[in-house]
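*Asks:* This is structure_18.cif, which holds mmCIF, C-alpha atoms:
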```cif
data_start
#
loop_
_atom_site.label_atom_id
_atom_site.label_comp_id
_atom_site.auth_asym_id
_atom_site.auth_seq_id
_atom_site.Cartn_x
_atom_site.Cartn_y
_atom_site.Cartn_z
CA MET S 1 1.28 -0.28 4.97
CA PRO S 2 -0.84 2.61 3.60
CA ILE S 3 -2.43 1.82 0.24
CA ASP S 4 -0.89 4.87 -1.47
CA GLU S 5 2.62 3.83 -0.40
CA LEU S 6 1.96 0.29 -1.59
CA ARG S 7 0.76 1.58 -4.95
CA ILE S 8 4.01 3.48 -5.43
CA LEU S 9 6.21 0.55 -4.44
CA ASP S 10 4.23 -1.86 -6.58
CA ALA S 11 4.49 0.45 -9.58
CA ILE S 12 8.26 0.68 -9.11
CA VAL S 13 8.83 -3.09 -9.20
CA THR S 14 6.27 -3.63 -11.98
CA ARG S 15 7.93 -1.00 -14.18
CA ALA S 16 11.33 -2.48 -13.34
CA SER S 17 10.11 -5.82 -14.66
CA LEU S 18 8.98 -4.11 -17.87
CA ASP S 19 12.32 -2.34 -18.28
CA LEU S 20 14.03 -5.72 -18.12
CA VAL S 21 11.52 -7.41 -20.42
CA THR S 22 12.09 -4.77 -23.12
CA LYS S 23 15.67 -6.07 -23.35
CA ILE S 24 14.57 -9.61 -24.22
CA THR S 25 15.44 -10.89 -27.69
CA PRO S 26 13.71 -13.83 -29.41
CA ALA S 27 16.76 -16.00 -28.67
CA ASP S 28 16.39 -15.28 -24.93
CA LEU S 29 12.93 -16.81 -24.72
CA THR S 30 14.24 -20.38 -24.58
CA LYS S 31 16.68 -19.67 -21.74
CA PRO S 32 16.21 -21.36 -18.34
CA THR S 33 15.14 -19.20 -15.42
CA PRO S 34 15.43 -19.40 -11.62
CA CYS S 35 11.83 -20.69 -11.79
CA SER S 36 12.97 -24.18 -12.75
CA ALA S 37 9.67 -25.20 -14.35
CA TRP S 38 9.80 -22.35 -16.87
CA THR S 39 11.91 -21.05 -19.68
CA LEU S 40 11.89 -17.29 -20.02
CA HIS S 41 8.95 -17.62 -22.43
CA GLY S 42 6.95 -19.54 -19.81
CA LEU S 43 7.88 -17.13 -17.04
CA LEU S 44 6.90 -14.14 -19.17
CA ALA S 45 3.53 -15.71 -20.01
CA HIS S 46 2.94 -16.35 -16.31
CA MET S 47 3.87 -12.78 -15.40
CA ALA S 48 1.57 -11.28 -18.05
CA THR S 49 -1.29 -13.56 -17.04
CA GLN S 50 -0.95 -12.65 -13.36
CA HIS S 51 -1.07 -8.94 -14.20
CA HIS S 52 -4.39 -9.51 -15.97
CA GLY S 53 -5.65 -11.64 -13.09
CA PHE S 54 -4.87 -9.01 -10.47
CA ALA S 55 -6.36 -6.30 -12.70
CA ALA S 56 -9.57 -8.29 -13.10
CA ALA S 57 -9.73 -8.79 -9.33
CA ALA S 58 -9.32 -5.04 -8.80
CA GLU S 59 -12.22 -4.53 -11.19
CA GLY S 60 -14.45 -6.86 -9.16
CA GLU S 61 -14.16 -9.98 -11.32
CA THR S 62 -14.22 -13.36 -9.57
CA ASP S 63 -13.97 -15.86 -12.43
CA LEU S 64 -10.91 -18.12 -12.35
CA GLY S 65 -10.83 -17.82 -16.13
CA HIS S 66 -9.13 -14.45 -15.74
CA TRP S 67 -6.13 -16.32 -14.34
CA ARG S 68 -5.77 -18.87 -17.16
CA LEU S 69 -2.43 -18.72 -18.94
CA LEU S 70 -2.51 -16.28 -21.83
CA PRO S 71 -0.51 -16.73 -25.05
CA LEU S 72 2.22 -14.18 -25.66
CA GLY S 73 1.48 -13.98 -29.39
CA ASP S 74 3.85 -12.75 -32.06
CA ASP S 75 5.27 -9.93 -29.94
CA PRO S 76 5.84 -11.14 -26.36
CA VAL S 77 7.34 -7.85 -25.22
CA GLU S 78 4.33 -5.82 -26.37
CA THR S 79 1.98 -8.40 -24.85
CA TYR S 80 3.77 -7.97 -21.56
CA ARG S 81 3.77 -4.18 -21.87
CA ALA S 82 -0.02 -4.24 -22.33
CA SER S 83 -0.44 -6.38 -19.22
CA VAL S 84 1.65 -3.95 -17.18
CA LYS S 85 -0.41 -1.01 -18.39
CA ARG S 86 -3.63 -2.80 -17.48
CA VAL S 87 -2.64 -3.75 -13.95
CA LEU S 88 -1.16 -0.35 -13.10
CA ASN S 89 -4.32 1.36 -14.35
CA ALA S 90 -6.46 -1.07 -12.37
CA PHE S 91 -4.67 -0.11 -9.16
CA VAL S 92 -5.23 3.65 -9.66
CA PRO S 93 -8.89 4.23 -8.55
CA HIS S 94 -9.24 6.36 -5.44
CA ASP S 95 -11.66 3.87 -3.87
CA LEU S 96 -9.32 0.90 -4.29
CA ALA S 97 -8.82 0.59 -0.53
CA ASP S 98 -12.54 -0.06 -0.10
CA ARG S 99 -12.63 -2.95 -2.57
CA LYS S 100 -12.40 -6.67 -1.85
CA PHE S 101 -10.23 -8.78 -4.14
CA ALA S 102 -11.23 -12.27 -5.21
CA LEU S 103 -7.93 -14.04 -5.86
CA PRO S 104 -8.98 -17.61 -6.74
CA GLU S 105 -5.40 -18.70 -7.28
CA PHE S 106 -4.71 -17.88 -3.63
CA SER S 107 -8.04 -18.96 -2.13
CA THR S 108 -11.54 -19.68 -3.41
CA GLU S 109 -13.01 -19.38 0.08
CA ILE S 110 -12.13 -15.83 1.10
CA THR S 111 -11.57 -12.42 -0.43
CA PHE S 112 -8.63 -10.15 0.29
CA THR S 113 -8.21 -6.49 1.13
CA ALA S 114 -6.62 -4.16 -1.38
CA GLU S 115 -3.58 -3.89 0.90
CA GLN S 116 -3.18 -7.68 0.93
CA ALA S 117 -3.64 -7.96 -2.84
CA LEU S 118 -1.15 -5.20 -3.63
CA GLY S 119 1.27 -6.74 -1.16
CA PHE S 120 1.05 -10.08 -2.95
CA HIS S 121 1.54 -8.41 -6.31
CA PHE S 122 4.41 -6.25 -5.07
CA VAL S 123 6.50 -9.06 -3.62
CA ASP S 124 5.74 -11.33 -6.58
CA TYR S 125 7.05 -8.83 -9.11
CA LEU S 126 9.97 -7.83 -6.95
CA VAL S 127 11.08 -11.47 -7.18
CA HIS S 128 10.08 -11.89 -10.83
CA SER S 129 12.13 -8.82 -11.74
CA TRP S 130 15.08 -10.60 -10.14
CA ASP S 131 14.20 -13.77 -12.08
CA VAL S 132 14.29 -11.93 -15.41
CA ALA S 133 17.47 -10.02 -14.52
CA LYS S 134 19.24 -13.24 -13.55
CA THR S 135 18.10 -14.97 -16.74
CA LEU S 136 19.41 -12.14 -18.90
CA GLY S 137 22.55 -11.61 -16.85
CA LEU S 138 21.62 -7.99 -16.12
CA PRO S 139 22.11 -5.96 -12.93
CA LEU S 140 19.11 -5.04 -10.81
CA GLU S 141 18.94 -2.49 -8.02
CA PHE S 142 16.05 -1.06 -6.04
CA GLN S 143 15.58 1.89 -3.72
CA ARG S 144 15.94 1.38 0.03
CA GLU S 145 12.16 1.74 0.51
CA VAL S 146 11.49 -1.11 -1.92
CA LEU S 147 13.99 -3.43 -0.25
CA ASP S 148 12.76 -2.63 3.26
CA ALA S 149 9.18 -3.39 2.25
CA GLY S 150 10.28 -6.50 0.36
CA LEU S 151 12.09 -7.84 3.42
CA ARG S 152 9.05 -7.27 5.62
CA PHE S 153 6.78 -9.10 3.20
CA ALA S 154 9.24 -11.94 2.61
CA GLU S 155 9.75 -12.48 6.34
CA SER S 156 5.99 -12.50 6.95
CA ILE S 157 5.20 -15.28 4.44
CA PRO S 158 4.98 -18.64 6.26
CA ASP S 159 7.69 -21.12 5.30
CA GLY S 160 5.89 -24.40 5.92
CA LYS S 161 4.87 -27.55 4.09
CA ASN S 162 2.37 -25.52 2.04
CA ARG S 163 5.32 -24.29 0.00
CA LYS S 164 5.91 -27.85 -1.21
CA THR S 165 2.41 -28.31 -2.62
CA PRO S 166 1.87 -28.17 -6.40
CA GLY S 167 1.26 -24.62 -7.59
CA ALA S 168 2.64 -23.00 -4.43
CA ALA S 169 3.51 -19.35 -4.98
CA PHE S 170 6.99 -19.80 -3.51
CA ALA S 171 9.35 -22.71 -2.92
CA PRO S 172 10.73 -23.37 0.58
CA ALA S 173 13.22 -20.79 1.80
CA VAL S 174 16.83 -21.35 0.80
CA ASP S 175 19.53 -21.29 3.49
CA GLU S 176 21.91 -19.28 1.38
CA LYS S 177 23.14 -15.78 2.06
CA GLY S 178 24.04 -13.26 -0.60
CA PRO S 179 25.67 -9.85 -0.39
CA SER S 180 22.49 -7.79 -0.74
CA ASP S 181 19.05 -7.41 0.79
CA LEU S 182 17.58 -8.45 -2.54
CA ASP S 183 19.51 -11.72 -2.24
CA THR S 184 18.01 -12.20 1.22
CA ILE S 185 14.51 -11.57 -0.10
CA VAL S 186 14.78 -14.07 -2.93
CA ALA S 187 16.35 -16.68 -0.62
CA LEU S 188 13.47 -16.29 1.83
CA LEU S 189 11.12 -16.88 -1.10
CA GLY S 190 12.81 -20.00 -2.39
CA ARG S 191 15.37 -18.76 -4.90
CA SER S 192 19.10 -19.39 -4.76
CA PRO S 193 20.88 -16.00 -4.82
CA SER S 194 23.82 -17.67 -6.58
CA TRP S 195 21.67 -19.08 -9.41
CA SER S 196 23.46 -18.90 -12.74
CA ARG S 197 21.87 -19.29 -16.16
CA HIS S 198 25.10 -20.92 -17.36
CA GLU S 199 24.98 -23.60 -14.66
CA ALA S 200 21.28 -24.15 -15.35
CA VAL S 201 22.03 -24.80 -19.03
CA LEU S 202 24.77 -27.28 -18.12
CA ALA S 203 22.45 -29.05 -15.67
#
```
Go through the file and emit its structure as structure tokens.
*Replies:*
Amino acid sequence: MPIDELRILDAIVTRASLDLVTKITPADLTKPTPCSAWTLHGLLAHMATQHHGFAAAAEGETDLGHWRLLPLGDDPVETYRASVKRVLNAFVPHDLADRKFALPEFSTEITFTAEQALGFHFVDYLVHSWDVAKTLGLPLEFQREVLDAGLRFAESIPDGKNRKTPGAAFAPAVDEKGPSDLDTIVALLGRSPSWSRHEAVLA
């Protein structure tokens, strides 16, 4: 996919995640999320940290320290907003397509093209937007172009035993169909489309 198209799609899902995050109240931060290891606070910290990690990679940084979990501080929403601003600005330079990305959380042995890195970031925040929306009980819709690209990326990610290793980016695919393409995407990437925050609390 052309880098300029990827930039646009990535910005759409990243801004969608921010729109959802701005609706978070302090009481929401302890809620369970579709990412079973995290409350909303933990998920938000992960999302902010990953923005900074990808931004650092776009800027030529290779140190794994840029991917260490960052505290959200006294104002988690503003902390997240700052991380979104940083990563979107980092993806703007006209020569981005010529850069190699060191993504030590994905591999310490190889670097990635800008197209690969933006693809990773795009699909990650497409799914994380869904995570936040589900946690808050809010609707989430995306344009046809976003869903088509999301399906292509989700279908291209191998669904093997590597998804069961600690720290894997996605859990094994879920054999569960939902009514929308977004449901299909999240199922392919290990989420249950029918996940309910109420059932998670009871569990």
*Asks:* What lies within 12 Å of region 132-134 of chain S using all atoms listed in the file, ignoring chain neighbours under 2 positions off, as a PyMOL selection string?
*Replies:* chain S and resi 16-24+28-29+31-35+38-44+47+125-130+136-141+183+186+191-200
*Asks:* For the structure shown, which residues end up in the PyMOL selection byres ((chain S and resi 54) around 10)? Put them as an mmCIF file with C-alpha atoms, in the frame of the given file, please?
*Replies:*
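Output below, filename selection-v2.cif:
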```cif
data_model
loop_
_atom_site.group_PDB
_atom_site.id
_atom_site.type_symbol
_atom_site.label_atom_id
_atom_site.label_comp_id
_atom_site.auth_asym_id
_atom_site.auth_seq_id
_atom_site.Cartn_x
_atom_site.Cartn_y
_atom_site.Cartn_z
ATOM 1 C CA THR S 49 -1.290 -13.560 -17.040
ATOM 2 C CA GLN S 50 -0.950 -12.650 -13.360
ATOM 3 C CA HIS S 51 -1.070 -8.940 -14.200
ATOM 4 C CA HIS S 52 -4.390 -9.510 -15.970
ATOM 5 C CA GLY S 53 -5.650 -11.640 -13.090
ATOM 6 C CA ALA S 55 -6.360 -6.300 -12.700
ATOM 7 C CA ALA S 56 -9.570 -8.290 -13.100
ATOM 8 C CA ALA S 57 -9.730 -8.790 -9.330
ATOM 9 C CA ALA S 58 -9.320 -5.040 -8.800
ATOM 10 C CA GLU S 59 -12.220 -4.530 -11.190
ATOM 11 C CA GLY S 60 -14.450 -6.860 -9.160
ATOM 12 C CA GLU S 61 -14.160 -9.980 -11.320
ATOM 13 C CA HIS S 66 -9.130 -14.450 -15.740
ATOM 14 C CA TRP S 67 -6.130 -16.320 -14.340
ATOM 15 C CA ARG S 86 -3.630 -2.800 -17.480
ATOM 16 C CA VAL S 87 -2.640 -3.750 -13.950
ATOM 17 C CA LEU S 88 -1.160 -0.350 -13.100
ATOM 18 C CA ALA S 90 -6.460 -1.070 -12.370
ATOM 19 C CA PHE S 91 -4.670 -0.110 -9.160
ATOM 20 C CA PHE S 101 -10.230 -8.780 -4.140
ATOM 21 C CA ALA S 102 -11.230 -12.270 -5.210
ATOM 22 C CA LEU S 103 -7.930 -14.040 -5.860
ATOM 23 C CA ALA S 117 -3.640 -7.960 -2.840
ATOM 24 C CA LEU S 118 -1.150 -5.200 -3.630
ATOM 25 C CA PHE S 120 1.050 -10.080 -2.950
ATOM 26 C CA HIS S 121 1.540 -8.410 -6.310
#
```
*Asks:* For the file shown, report as a PyMOL selection string the outcome of the PyMOL selection byres ((chain S and resi 115) around 8) at residue level.
*Replies:* chain S and resi 1-3+6+97+113-114+116-119
*Asks:* Could you check the closest approach to Thr184 (chain S) for each of S:Lys85, S:Lys100, S:Arg152, S:Arg15 and tell me which residue wins, using only C-alpha atoms?
*Replies:*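 Comparing S:Lys85, S:Lys100, S:Arg152, S:Arg15 against Thr184 (chain S), the winner is S:Arg152.
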*Asks:* Determine the nearest neighbour of Ala82 (chain S) from the options S:Ala149, S:Ala154, S:Ala48, S:Leu70, counting only C-alpha atoms.
*Replies:* S:Ala48
*Asks:* Report, in Å with one decimal, the straight-line distance from CA of Gln143 (chain S) to CA of Glu78 (chain S).
*Replies:*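 Atom-to-atom, CA of Gln143 (chain S) and CA of Glu78 (chain S) are spaced 26.4 Å apart.
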*Asks:* Give me, please, the distance in Å between CA of Ser156 (chain S) and CA of Leu188 (chain S), quoted to one decimal.
*Replies:*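 We find that CA of Ser156 (chain S) and CA of Leu188 (chain S) lie 9.8 Å from each other.
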*Asks:* Which distance in Å separates CA of Pro26 (chain S) and CA of Pro71 (chain S), to one decimal?
*Replies:*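 It comes out at 15.2 Å.
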*Asks:* Restricting the calculation to only C-alpha atoms, which member of S:His46, S:Ala27, S:Glu105, S:Gly150 is positioned closest to Gly65 (chain S)?
*Replies:* S:Glu105
